[in-house]
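The structure appears below as structure tokens.
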Amino acid sequence: MIELVVDTVSWILIVGGSFFVVVGGIGALRMPDLFTRMHAASVTDSLAPILILSGLMLQSGLNLYTVKLFAILLFLLLSGPAASNALASAALLSGREETKPTQETQE
């Protein structure tokens with residue numbers, strides 16, 4: 001009975017993380033400029049790995065694989081925001097500016 005609950009919770013986490021990956025990908029394609037695309041991608045980089053790797057940790061149980069998955073998660077959570085910040089700083093230093101909203105997008 002407990003295995004069924006663990007399997008159900010882990011699959012909910014994996015499917016939820018996959019949902020955020022798809023939504024972030026769609027957001028990165030549909031946003032108008034670099035900075036809003038980076039926002040969509042950085043939200044995906046933060047939430048999706050937490051959900052997916054947590055589900056995988058539940059599936060693997062308490063062993064060395066869980067420790068390795070946690071190390072991967074820690075690396076992703078530390079490197080993702082730093083990479084987004086570096087990309088935004090480089091874009092600003094190169095003179096890239098936000099796109100001004102047009103009349104069509106305000107309606």
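Quick note on naming: the chains in the structure tokens go A, B, ... in the order shown, residues restart at 1 in each chain, and ligands are numbered from 1 in order of appearance.
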Selection: 10 Å around Phe19 of chain A, only C-alpha atoms, excl. self and same-chain fewer than 6 positions, as a PyMOL selection string: chain A and resi 13+25+44+48
For atom CA of Ala40 of chain A and atom CA of Met57 of chain A, the interatomic separation in Å (one decimal):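 Calculated distance between atom CA of Ala40 of chain A and atom CA of Met57 of chain A is 25.7 Å.
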What's the 8 Å shell around segment 75-91 of chain A, counting only C-alpha atoms, without same-chain residues fewer than 5 positions away, as a ChimeraX atom specification? /A:35,38,42,45-46,49,96
For Phe70 of chain A, list every protein, DNA or RNA residue within 12 Å, evaluated using only C-alpha atoms, and leave out those in the same chain fewer than 5 positions away; present the list as an MDAnalysis selection string. chainID A and resid 49:58 60 62:65 75:77
Residues from the last selection, N, CA and C atoms, saved as a short mmCIF file (atom, residue, chain, number, x, y, z; two decimals), in the first residue's frame:
data_model
loop_
_atom_site.label_atom_id
_atom_site.label_comp_id
_atom_site.auth_asym_id
_atom_site.auth_seq_id
_atom_site.Cartn_x
_atom_site.Cartn_y
_atom_site.Cartn_z
N PRO A 49 13.18 21.30 -12.33
CA PRO A 49 14.11 20.30 -11.78
C PRO A 49 13.77 19.87 -10.36
N ILE A 50 13.24 20.81 -9.56
CA ILE A 50 12.85 20.44 -8.20
C ILE A 50 11.79 19.35 -8.24
N LEU A 51 10.78 19.54 -9.06
CA LEU A 51 9.68 18.57 -9.12
C LEU A 51 10.14 17.25 -9.74
N ILE A 52 10.83 17.32 -10.87
CA ILE A 52 11.22 16.09 -11.57
C ILE A 52 12.22 15.29 -10.74
N LEU A 53 13.24 15.94 -10.22
CA LEU A 53 14.24 15.20 -9.46
C LEU A 53 13.70 14.73 -8.12
N SER A 54 12.76 15.45 -7.53
CA SER A 54 12.13 14.96 -6.30
C SER A 54 11.33 13.69 -6.58
N GLY A 55 10.63 13.66 -7.71
CA GLY A 55 9.91 12.46 -8.09
C GLY A 55 10.84 11.30 -8.35
N LEU A 56 11.99 11.56 -8.99
CA LEU A 56 12.96 10.50 -9.23
C LEU A 56 13.59 10.01 -7.94
N MET A 57 13.81 10.93 -6.99
CA MET A 57 14.35 10.52 -5.69
C MET A 57 13.38 9.61 -4.95
N LEU A 58 12.10 9.91 -5.04
CA LEU A 58 11.10 9.04 -4.41
C LEU A 58 11.09 7.67 -5.08
N SER A 60 13.63 6.15 -6.54
CA SER A 60 14.84 5.38 -6.30
C SER A 60 14.98 4.88 -4.87
N LEU A 62 16.00 5.25 -0.76
CA LEU A 62 17.10 5.85 -0.03
C LEU A 62 18.38 5.05 -0.30
N ASN A 63 19.15 5.53 -1.29
CA ASN A 63 20.40 4.85 -1.65
C ASN A 63 21.34 5.87 -2.28
N LEU A 64 22.40 5.38 -2.92
CA LEU A 64 23.39 6.27 -3.51
C LEU A 64 22.81 7.08 -4.68
N TYR A 65 21.87 6.51 -5.41
CA TYR A 65 21.24 7.23 -6.51
C TYR A 65 20.53 8.49 -6.01
N PHE A 75 23.33 21.38 -7.86
CA PHE A 75 24.10 22.05 -8.91
C PHE A 75 23.20 22.87 -9.83
N LEU A 76 22.06 22.31 -10.22
CA LEU A 76 21.14 23.04 -11.10
C LEU A 76 20.58 24.28 -10.42
N LEU A 77 20.25 24.18 -9.14
CA LEU A 77 19.68 25.32 -8.43
C LEU A 77 20.72 26.41 -8.18
#
Atom CA of Gly16 of chain A to atom CA of Thr36 of chain A, straight-line distance in Å: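 So the answer is 22.5 Å.
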Suppose you want the space between atom CA of Leu29 of chain A and atom CA of Leu92 of chain A; what is it in Å?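 It comes out at 20.7 Å.
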Looking at only C-alpha atoms, which of A:Met31, A:Ile14, A:Leu93, A:Ala71 is the one that sits closest to Gln59 of chain A?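 The closest residue to Gln59 of chain A is A:Ile14.
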